[in-house]
$ cat work29.txt   # compact mmCIF, C-alpha atoms and all ligand atoms
# COMPACT_ATOMS: atom_id res chain seq x y z
CA MET A 1 0.00 0.00 0.00
CA SER A 2 1.52 3.36 -0.98
CA ALA A 3 0.48 6.47 0.95
CA THR A 4 -0.56 9.69 -0.80
CA PRO A 5 2.09 12.43 -0.67
CA GLN A 6 -0.49 14.92 0.66
CA THR A 7 -0.31 15.45 4.42
CA SER A 8 -2.85 18.10 5.46
CA ALA A 9 -6.48 17.11 4.91
CA PRO A 10 -8.78 19.53 3.03
CA ALA A 11 -10.61 21.88 5.38
CA LEU A 12 -14.11 20.48 4.88
CA SER A 13 -14.51 17.10 6.58
CA PRO A 14 -17.51 14.74 6.27
CA PRO A 15 -18.87 15.95 9.67
CA ALA A 16 -18.56 19.56 8.43
CA ILE A 17 -20.61 18.62 5.36
CA ALA A 18 -23.17 16.81 7.56
CA ALA A 19 -23.46 19.94 9.72
CA MET A 20 -24.53 21.94 6.64
CA LYS A 21 -27.93 20.14 6.67
CA GLY A 22 -30.71 22.70 6.30
CA GLY A 23 -28.30 25.62 5.80
CA ALA A 24 -26.72 27.15 2.73
CA PRO A 25 -26.87 24.72 -0.22
CA ILE A 26 -23.90 22.34 -0.42
CA VAL A 27 -22.16 22.77 -3.77
CA CYS A 28 -20.69 19.57 -5.22
CA LEU A 29 -19.12 18.61 -8.56
CA THR A 30 -17.13 15.68 -9.89
CA ALA A 31 -13.39 15.81 -10.60
CA TYR A 32 -11.20 13.15 -12.17
CA ASP A 33 -7.86 15.00 -12.44
CA ALA A 34 -5.77 17.62 -10.64
CA PRO A 35 -6.46 20.66 -12.90
CA THR A 36 -10.22 20.12 -12.69
CA ALA A 37 -9.96 19.53 -8.93
CA ARG A 38 -8.23 22.92 -8.51
CA ILE A 39 -11.09 24.72 -10.27
CA VAL A 40 -13.75 22.74 -8.36
CA ASP A 41 -11.95 23.36 -5.07
CA ALA A 42 -12.10 27.14 -5.54
CA HIS A 43 -15.91 27.14 -5.70
CA CYS A 44 -17.34 23.93 -4.25
CA ASP A 45 -17.74 22.27 -0.86
CA LEU A 46 -17.32 18.69 -2.03
CA ALA A 47 -15.44 17.05 -4.91
CA LEU A 48 -16.55 13.58 -5.97
CA VAL A 49 -14.25 11.27 -7.89
CA GLY A 50 -17.25 9.59 -9.50
CA ASP A 51 -17.16 6.26 -11.27
CA SER A 52 -18.81 8.20 -14.12
CA LEU A 53 -15.15 8.66 -15.10
CA GLY A 54 -15.46 5.28 -16.82
CA MET A 55 -17.86 6.82 -19.34
CA VAL A 56 -16.60 10.41 -19.40
CA VAL A 57 -12.83 9.82 -19.46
CA HIS A 58 -12.45 6.21 -20.61
CA GLY A 59 -15.28 6.04 -23.15
CA MET A 60 -17.04 3.06 -21.55
CA ASP A 61 -20.75 2.36 -22.18
CA SER A 62 -21.59 2.22 -18.46
CA THR A 63 -19.83 2.44 -15.09
CA LEU A 64 -19.78 -1.34 -14.66
CA GLY A 65 -16.25 -1.85 -16.03
CA VAL A 66 -14.60 0.67 -13.72
CA THR A 67 -11.97 -0.89 -11.43
CA LEU A 68 -10.63 -0.06 -7.98
CA GLU A 69 -7.25 0.71 -9.57
CA MET A 70 -8.83 3.30 -11.89
CA MET A 71 -10.58 4.99 -8.96
CA ILE A 72 -7.35 5.06 -6.95
CA LEU A 73 -5.28 6.50 -9.82
CA HIS A 74 -7.80 9.30 -10.50
CA GLY A 75 -8.32 9.82 -6.77
CA ARG A 76 -4.61 10.44 -6.20
CA ALA A 77 -4.58 13.05 -8.96
CA VAL A 78 -7.67 14.82 -7.59
CA ARG A 79 -6.27 14.89 -4.07
CA ARG A 80 -3.29 16.93 -5.29
CA GLY A 81 -5.68 19.63 -6.55
CA LEU A 82 -7.74 20.02 -3.35
CA ARG A 83 -7.18 22.26 -0.35
CA ARG A 84 -10.67 22.97 0.95
CA ALA A 85 -13.31 20.73 -0.59
CA CYS A 86 -14.26 17.45 1.06
CA MET A 87 -13.00 14.62 -1.19
CA VAL A 88 -15.19 11.57 -1.77
CA VAL A 89 -14.28 8.61 -4.00
CA ASP A 90 -16.85 6.24 -5.52
CA MET A 91 -16.55 2.53 -4.81
CA PRO A 92 -16.83 0.80 -8.18
CA PHE A 93 -19.21 -2.02 -9.05
CA GLY A 94 -18.18 -5.37 -7.56
CA THR A 95 -15.89 -3.98 -4.86
CA TYR A 96 -18.38 -3.70 -1.94
CA GLU A 97 -21.64 -5.59 -2.54
CA GLU A 98 -20.45 -9.07 -1.53
CA SER A 99 -19.95 -8.44 2.20
CA PRO A 100 -19.15 -5.71 4.72
CA ALA A 101 -15.63 -7.19 5.01
CA GLN A 102 -15.05 -6.90 1.26
CA ALA A 103 -16.34 -3.32 1.36
CA PHE A 104 -14.05 -2.45 4.27
CA ARG A 105 -10.96 -3.94 2.60
CA ASN A 106 -11.52 -1.97 -0.60
CA ALA A 107 -12.71 1.25 1.06
CA ALA A 108 -9.61 1.20 3.30
CA ARG A 109 -7.41 0.94 0.19
CA ILE A 110 -9.19 3.92 -1.39
CA MET A 111 -8.79 6.00 1.77
CA ALA A 112 -5.14 5.09 2.35
CA GLU A 113 -3.96 5.30 -1.25
CA THR A 114 -5.84 8.44 -2.37
CA GLY A 115 -6.15 10.55 0.78
CA ALA A 116 -9.96 10.76 0.33
CA ALA A 117 -12.06 11.78 3.33
CA ALA A 118 -14.89 9.37 2.49
CA VAL A 119 -16.20 6.82 0.02
CA LYS A 120 -19.53 6.75 -1.81
CA LEU A 121 -21.45 3.58 -2.52
CA GLU A 122 -24.76 2.88 -4.24
CA GLY A 123 -27.75 1.21 -2.61
CA GLY A 124 -30.27 1.65 0.18
CA VAL A 125 -31.83 -0.84 2.60
CA GLU A 126 -29.66 -3.68 1.26
CA MET A 127 -26.44 -1.72 1.89
CA ALA A 128 -27.33 -0.45 5.38
CA GLU A 129 -25.41 -3.20 7.19
CA THR A 130 -22.31 -2.44 5.10
CA ILE A 131 -22.59 1.30 5.74
CA ARG A 132 -22.86 0.63 9.49
CA PHE A 133 -19.80 -1.67 9.30
CA LEU A 134 -17.71 0.98 7.50
CA THR A 135 -18.78 4.01 9.53
CA SER A 136 -18.15 2.21 12.82
CA ARG A 137 -14.63 1.42 11.56
CA SER A 138 -13.50 4.96 10.69
CA ILE A 139 -14.70 5.13 7.08
CA PRO A 140 -17.22 7.94 6.42
CA VAL A 141 -19.78 6.99 3.78
CA MET A 142 -21.82 9.06 1.34
CA ALA A 143 -24.79 6.99 0.19
CA HIS A 144 -26.50 7.08 -3.23
CA VAL A 145 -30.16 6.10 -3.74
CA GLY A 146 -32.86 6.56 -6.40
CA LEU A 147 -31.29 5.93 -9.81
CA THR A 148 -28.11 4.05 -8.99
CA PRO A 149 -26.25 3.77 -12.33
CA GLN A 150 -24.44 0.55 -11.36
CA ALA A 151 -27.91 -1.10 -11.35
CA VAL A 152 -28.72 0.07 -14.90
CA ASN A 153 -29.33 -3.52 -16.04
CA VAL A 154 -31.83 -4.12 -13.24
CA PHE A 155 -33.66 -0.85 -13.94
CA GLY A 156 -33.60 -1.41 -17.72
CA GLY A 157 -32.11 2.03 -18.40
CA TYR A 158 -31.31 5.33 -16.69
CA LYS A 159 -34.93 5.92 -15.63
CA VAL A 160 -36.53 8.15 -13.01
CA GLN A 161 -36.89 6.18 -9.74
CA GLY A 162 -39.58 6.73 -7.14
CA ARG A 163 -42.84 7.16 -9.04
CA GLY A 164 -45.94 5.22 -7.92
CA ASP A 165 -45.16 2.13 -5.86
CA ALA A 166 -41.42 2.85 -5.97
CA ARG A 167 -41.95 6.04 -3.91
CA ALA A 168 -41.93 4.16 -0.61
CA ARG A 169 -38.80 2.26 -1.63
CA VAL A 170 -36.79 5.45 -2.22
CA MET A 171 -37.94 6.88 1.12
CA ALA A 172 -37.08 3.62 2.93
CA ASP A 173 -33.66 3.51 1.23
CA ALA A 174 -32.81 7.08 2.28
CA GLN A 175 -33.94 6.45 5.85
CA ALA A 176 -31.99 3.19 6.02
CA VAL A 177 -28.69 4.74 4.89
CA ALA A 178 -29.16 7.70 7.24
CA GLY A 179 -29.90 5.34 10.13
CA ALA A 180 -26.79 3.31 9.27
CA GLY A 181 -24.55 6.34 9.70
CA ALA A 182 -24.02 7.78 6.18
CA PHE A 183 -22.98 11.45 6.46
CA SER A 184 -24.95 12.43 3.33
CA VAL A 185 -27.00 10.83 0.57
CA VAL A 186 -27.12 11.46 -3.17
CA LEU A 187 -30.68 11.42 -4.59
CA GLU A 188 -30.44 10.74 -8.31
CA LYS A 189 -33.37 11.17 -10.73
CA THR A 190 -36.06 11.09 -8.05
CA PRO A 191 -39.25 13.16 -8.55
CA GLN A 192 -39.23 16.67 -7.08
CA GLY A 193 -41.97 16.22 -4.47
CA LEU A 194 -40.49 12.96 -3.23
CA SER A 195 -37.00 14.51 -3.10
CA ASP A 196 -38.35 17.31 -0.90
CA GLU A 197 -40.12 14.80 1.37
CA VAL A 198 -36.94 12.75 1.75
CA THR A 199 -34.95 15.92 2.50
CA ALA A 200 -37.42 16.77 5.28
CA ALA A 201 -37.44 13.20 6.61
CA VAL A 202 -33.75 12.39 6.95
CA PRO A 203 -31.29 14.03 9.37
CA ILE A 204 -28.40 14.03 6.86
CA PRO A 205 -27.89 16.30 3.83
CA THR A 206 -29.52 15.18 0.58
CA ILE A 207 -27.45 15.97 -2.50
CA GLY A 208 -29.65 16.12 -5.59
CA ILE A 209 -28.85 15.26 -9.19
CA GLY A 210 -32.03 15.48 -11.22
CA ALA A 211 -33.96 15.67 -7.92
CA SER A 212 -35.04 19.08 -6.52
CA ALA A 213 -33.71 22.57 -5.78
CA GLY A 214 -35.04 21.87 -2.26
CA CYS A 215 -32.31 19.27 -1.61
CA ASP A 216 -29.59 20.28 0.86
CA GLY A 217 -27.07 20.37 -2.00
CA GLN A 218 -26.57 19.68 -5.70
CA ILE A 219 -24.09 17.67 -7.74
CA LEU A 220 -23.42 17.33 -11.47
CA VAL A 221 -20.75 15.71 -13.59
CA THR A 222 -18.43 18.65 -14.32
CA GLU A 223 -17.88 17.66 -17.97
CA ASP A 224 -21.67 17.57 -18.52
CA MET A 225 -22.04 21.04 -17.03
CA LEU A 226 -19.17 22.42 -19.14
CA GLY A 227 -20.47 20.92 -22.39
CA LEU A 228 -17.43 18.64 -22.74
CA PHE A 229 -19.29 15.33 -22.74
CA ASN A 230 -21.70 14.86 -25.63
CA ASP A 231 -22.43 11.11 -25.68
CA PHE A 232 -25.79 11.90 -24.10
CA ARG A 233 -27.36 14.95 -22.50
CA PRO A 234 -29.51 14.27 -19.41
CA LYS A 235 -32.50 16.61 -18.86
CA PHE A 236 -31.16 17.48 -15.40
CA VAL A 237 -27.93 18.99 -16.70
CA LYS A 238 -27.83 22.74 -17.18
CA ARG A 239 -24.85 23.58 -19.35
CA GLN A 240 -22.99 26.63 -18.08
CA ALA A 241 -20.53 26.56 -21.02
CA GLU A 242 -19.96 24.89 -24.38
CA LEU A 243 -16.30 23.97 -23.95
CA GLY A 244 -16.62 20.97 -26.28
CA ALA A 245 -17.47 23.27 -29.21
CA GLU A 246 -14.70 25.68 -28.19
CA ALA A 247 -12.14 22.84 -28.01
CA ASP A 248 -13.26 21.61 -31.44
CA ARG A 249 -12.75 25.11 -32.86
CA ALA A 250 -9.26 25.37 -31.30
CA VAL A 251 -8.12 21.95 -32.58
CA ALA A 252 -9.41 22.77 -36.09
CA ALA A 253 -7.50 26.10 -36.06
CA TYR A 254 -4.30 24.34 -34.90
CA ALA A 255 -4.62 21.68 -37.60
CA GLU A 256 -5.17 24.32 -40.30
CA GLU A 257 -2.14 26.37 -39.19
CA VAL A 258 0.13 23.31 -39.05
CA ARG A 259 -0.95 22.29 -42.55
CA ALA A 260 -0.40 25.85 -43.83
CA ARG A 261 3.01 26.02 -42.05
CA SER A 262 1.86 29.24 -40.34
CA PHE A 263 2.44 27.56 -36.97
CA PRO A 264 4.96 27.70 -35.38
CA GLY A 265 5.50 31.42 -36.06
CA PRO A 266 8.76 33.35 -35.44
CA GLU A 267 7.71 33.99 -31.82
CA HIS A 268 7.45 30.27 -31.07
CA VAL A 269 10.90 29.16 -32.32
CA PHE A 270 14.49 29.65 -31.10
CA ALA A 271 17.31 31.53 -32.81
CA ASP A 272 20.51 29.62 -33.65
CA GLN A 273 22.69 32.37 -32.10
CA LEU A 274 21.99 34.60 -29.07
CA LYS A 275 22.06 38.32 -30.00
CA GLY A 276 23.53 40.56 -27.27
CA ALA A 277 21.94 39.85 -23.87
CA ALA A 278 18.71 38.55 -25.44
CA LYS A 279 17.87 34.91 -24.68
O1 LIG B 301 -20.33 8.81 -10.65
C1 LIG B 301 -20.78 9.96 -10.49
O2 LIG B 301 -20.29 10.92 -11.09
C2 LIG B 301 -21.91 10.10 -9.56
C3 LIG B 301 -22.69 11.34 -9.49
C4 LIG B 301 -23.63 11.44 -8.37
C5 LIG B 301 -22.53 12.50 -10.28
O3 LIG B 301 -22.17 9.21 -8.85
$ encode --input "work29.txt" --output "structure tokens" --more "lines below"
Ligand code: KIV
Amino acid sequence: MSATPQTSAPALSPPAIAAMKGGAPIVCLTAYDAPTARIVDAHCDLALVGDSLGMVVHGMDSTLGVTLEMMILHGRAVRRGLRRACMVVDMPFGTYEESPAQAFRNAARIMAETGAAAVKLEGGVEMAETIRFLTSRSIPVMAHVGLTPQAVNVFGGYKVQGRGDARARVMADAQAVAGAGAFSVVLEKTPQGLSDEVTAAVPIPTIGIGASAGCDGQILVTEDMLGLFNDFRPKFVKRQAELGAEADRAVAAYAEEVRARSFPGPEHVFADQLKGAAK
């Protein structure tokens, strides 16, 4: 096990995030690398190294192929970019569902090797025992209920969760993870009214993604919000920029200049001889 080179923990701890329940909205975004983490850190309370990195960075079709090693590698990079925001790393599919002991072993590796303050795992009532096991053994847990993308094959797609009969299930899941000691819970793609009811019912912060402005906080995938990820465009994403189009324009301009031999220009190359004191 190799320790992260970072020594001082970011200022916002999981208990500090939990204490924000009912106060100013908790601002969260994903980060998968150090430069993005630096930008997120300047404006957000919590940075999530989400397993969405499998789709966004590695071009996978779902999050199911993401490994513990991938999460640790990206987690180490993100940690180097954070000073203030609470850092949470997702536990990937297949690394925690088997037993509380399996979850502890893998969560401990994530914590020790990345410097994260907490892990996130998907699931409600069925994961409560595992969450209790981890939290009572020094591993803070952020829970994730509603649409849990690792269960996409069970749901038959990335569908809204919690309409009709499923309403009670989402409420029971949120209450179970809160009762098991999670310090916060992500509510993904749950109807607005239900999201507000859950927020009122549980003592821990709810972090919405496609849920409700009434949640205690919000999270999005940063690349979705910046317009950098175009494979699909969820209704719940509000794009604050179109960086994908801007990057496309820049790469096209570079390619044209290289082909025209107008790049590099005289200001980008080095003289054979130094003239006077000039370098
Ligand atoms: O993997 C992820 O990015 C998430 C989110 C809640 C955004 O789980």
$ closest_residue --input "work29.txt" --among "A:Ala176, A:Ile110, A:Leu274, A:Met171" --to "Glu129 in chain A" --atoms "only C-alpha atoms"
A:Ala176
$ residues_near_ligand --input "work29.txt" --ligand "ligand LIG 301 (chain B)" --cutoff "10 Å" --atoms "all atoms listed in the file" --output "NGL selection string"
:A and (28-32 or 47-56 or 63 or 89-92 or 120-122 or 143-145 or 147-150 or 185-188 or 207-210 or 218-224)
$ closest_residue --input "work29.txt" --among "A:Arg249, A:Ala168, A:Lys159, A:Ile204" --to "Lys235 in chain A" --atoms "all atoms listed in the file"
A:Lys159
$ atom_distance --input "work29.txt" --atom1 "CA of Val57 in chain A" --atom2 "CA of Val160 in chain A"
24.6 Å
$ axis_aligned_box --input "work29.txt" --around "range 153-165 of chain A" --padding-each-side "4 Å" --output "JSON"
{"center_x": -37.6, "center_y": 2.0, "center_z": -12.1, "size_x": 24.6, "size_y": 20.3, "size_z": 20.5}
$ residues_around --input "work29.txt" --residues "Pro35 in chain A" --least-positions-apart "4" --cutoff "9 Å" --atoms "only C-alpha atoms" --output "short mmCIF file (atom, residue, chain, number, x, y, z; two decimals) with C-alpha atoms, keeping the file's coordinate frame"
data_model
loop_
_atom_site.label_atom_id
_atom_site.label_comp_id
_atom_site.auth_asym_id
_atom_site.auth_seq_id
_atom_site.Cartn_x
_atom_site.Cartn_y
_atom_site.Cartn_z
CA ALA A 31 -13.39 15.81 -10.60
CA ILE A 39 -11.09 24.72 -10.27
CA VAL A 40 -13.75 22.74 -8.36
CA ALA A 77 -4.58 13.05 -8.96
CA VAL A 78 -7.67 14.82 -7.59
CA GLY A 81 -5.68 19.63 -6.55
#
$ atom_distance --input "work29.txt" --atom1 "CA of Val141 in chain A" --atom2 "CA of Arg76 in chain A"
18.5 Å
$ atom_distance --input "work29.txt" --atom1 "CA of Ala201 in chain A" --atom2 "CA of Ala151 in chain A"
24.9 Å
$ decode --input "work29.txt" --residues "range 138-223 of chain A" --atoms "C-alpha atoms" --output "mmCIF file, in the first residue's frame"
data_model
loop_
_atom_site.group_PDB
_atom_site.id
_atom_site.type_symbol
_atom_site.label_atom_id
_atom_site.label_comp_id
_atom_site.auth_asym_id
_atom_site.auth_seq_id
_atom_site.Cartn_x
_atom_site.Cartn_y
_atom_site.Cartn_z
ATOM 1 C CA SER A 138 -13.500 4.961 10.693
ATOM 2 C CA ILE A 139 -14.704 5.134 7.076
ATOM 3 C CA PRO A 140 -17.220 7.936 6.421
ATOM 4 C CA VAL A 141 -19.781 6.993 3.777
ATOM 5 C CA MET A 142 -21.819 9.058 1.340
ATOM 6 C CA ALA A 143 -24.788 6.985 0.190
ATOM 7 C CA HIS A 144 -26.503 7.077 -3.228
ATOM 8 C CA VAL A 145 -30.161 6.099 -3.743
ATOM 9 C CA GLY A 146 -32.855 6.562 -6.396
ATOM 10 C CA LEU A 147 -31.293 5.932 -9.810
ATOM 11 C CA THR A 148 -28.108 4.046 -8.993
ATOM 12 C CA PRO A 149 -26.253 3.771 -12.330
ATOM 13 C CA GLN A 150 -24.438 0.550 -11.360
ATOM 14 C CA ALA A 151 -27.906 -1.103 -11.347
ATOM 15 C CA VAL A 152 -28.715 0.069 -14.902
ATOM 16 C CA ASN A 153 -29.332 -3.518 -16.036
ATOM 17 C CA VAL A 154 -31.833 -4.116 -13.239
ATOM 18 C CA PHE A 155 -33.660 -0.845 -13.945
ATOM 19 C CA GLY A 156 -33.602 -1.407 -17.725
ATOM 20 C CA GLY A 157 -32.106 2.033 -18.404
ATOM 21 C CA TYR A 158 -31.306 5.326 -16.693
ATOM 22 C CA LYS A 159 -34.929 5.924 -15.631
ATOM 23 C CA VAL A 160 -36.534 8.153 -13.006
ATOM 24 C CA GLN A 161 -36.894 6.180 -9.745
ATOM 25 C CA GLY A 162 -39.585 6.733 -7.139
ATOM 26 C CA ARG A 163 -42.840 7.157 -9.037
ATOM 27 C CA GLY A 164 -45.940 5.225 -7.924
ATOM 28 C CA ASP A 165 -45.159 2.132 -5.864
ATOM 29 C CA ALA A 166 -41.422 2.852 -5.974
ATOM 30 C CA ARG A 167 -41.947 6.037 -3.909
ATOM 31 C CA ALA A 168 -41.930 4.157 -0.614
ATOM 32 C CA ARG A 169 -38.803 2.258 -1.632
ATOM 33 C CA VAL A 170 -36.787 5.447 -2.225
ATOM 34 C CA MET A 171 -37.941 6.880 1.124
ATOM 35 C CA ALA A 172 -37.082 3.618 2.928
ATOM 36 C CA ASP A 173 -33.657 3.515 1.232
ATOM 37 C CA ALA A 174 -32.814 7.079 2.279
ATOM 38 C CA GLN A 175 -33.937 6.450 5.851
ATOM 39 C CA ALA A 176 -31.990 3.192 6.018
ATOM 40 C CA VAL A 177 -28.688 4.742 4.894
ATOM 41 C CA ALA A 178 -29.156 7.703 7.237
ATOM 42 C CA GLY A 179 -29.897 5.344 10.126
ATOM 43 C CA ALA A 180 -26.793 3.309 9.267
ATOM 44 C CA GLY A 181 -24.546 6.343 9.699
ATOM 45 C CA ALA A 182 -24.021 7.783 6.183
ATOM 46 C CA PHE A 183 -22.978 11.448 6.461
ATOM 47 C CA SER A 184 -24.948 12.434 3.329
ATOM 48 C CA VAL A 185 -27.001 10.830 0.568
ATOM 49 C CA VAL A 186 -27.124 11.464 -3.166
ATOM 50 C CA LEU A 187 -30.680 11.418 -4.588
ATOM 51 C CA GLU A 188 -30.443 10.741 -8.313
ATOM 52 C CA LYS A 189 -33.367 11.166 -10.730
ATOM 53 C CA THR A 190 -36.060 11.094 -8.054
ATOM 54 C CA PRO A 191 -39.254 13.161 -8.547
ATOM 55 C CA GLN A 192 -39.228 16.670 -7.083
ATOM 56 C CA GLY A 193 -41.969 16.220 -4.466
ATOM 57 C CA LEU A 194 -40.492 12.956 -3.226
ATOM 58 C CA SER A 195 -37.003 14.507 -3.100
ATOM 59 C CA ASP A 196 -38.346 17.309 -0.903
ATOM 60 C CA GLU A 197 -40.122 14.800 1.368
ATOM 61 C CA VAL A 198 -36.941 12.751 1.746
ATOM 62 C CA THR A 199 -34.953 15.924 2.499
ATOM 63 C CA ALA A 200 -37.416 16.768 5.279
ATOM 64 C CA ALA A 201 -37.444 13.199 6.612
ATOM 65 C CA VAL A 202 -33.747 12.385 6.948
ATOM 66 C CA PRO A 203 -31.285 14.027 9.365
ATOM 67 C CA ILE A 204 -28.404 14.030 6.860
ATOM 68 C CA PRO A 205 -27.892 16.302 3.832
ATOM 69 C CA THR A 206 -29.517 15.183 0.576
ATOM 70 C CA ILE A 207 -27.451 15.971 -2.501
ATOM 71 C CA GLY A 208 -29.646 16.121 -5.592
ATOM 72 C CA ILE A 209 -28.852 15.262 -9.195
ATOM 73 C CA GLY A 210 -32.033 15.483 -11.225
ATOM 74 C CA ALA A 211 -33.962 15.671 -7.922
ATOM 75 C CA SER A 212 -35.037 19.078 -6.519
ATOM 76 C CA ALA A 213 -33.713 22.572 -5.777
ATOM 77 C CA GLY A 214 -35.040 21.867 -2.259
ATOM 78 C CA CYS A 215 -32.308 19.273 -1.606
ATOM 79 C CA ASP A 216 -29.589 20.279 0.856
ATOM 80 C CA GLY A 217 -27.066 20.365 -1.999
ATOM 81 C CA GLN A 218 -26.569 19.680 -5.700
ATOM 82 C CA ILE A 219 -24.092 17.674 -7.736
ATOM 83 C CA LEU A 220 -23.418 17.326 -11.468
ATOM 84 C CA VAL A 221 -20.749 15.709 -13.592
ATOM 85 C CA THR A 222 -18.432 18.647 -14.321
ATOM 86 C CA GLU A 223 -17.880 17.657 -17.969
#
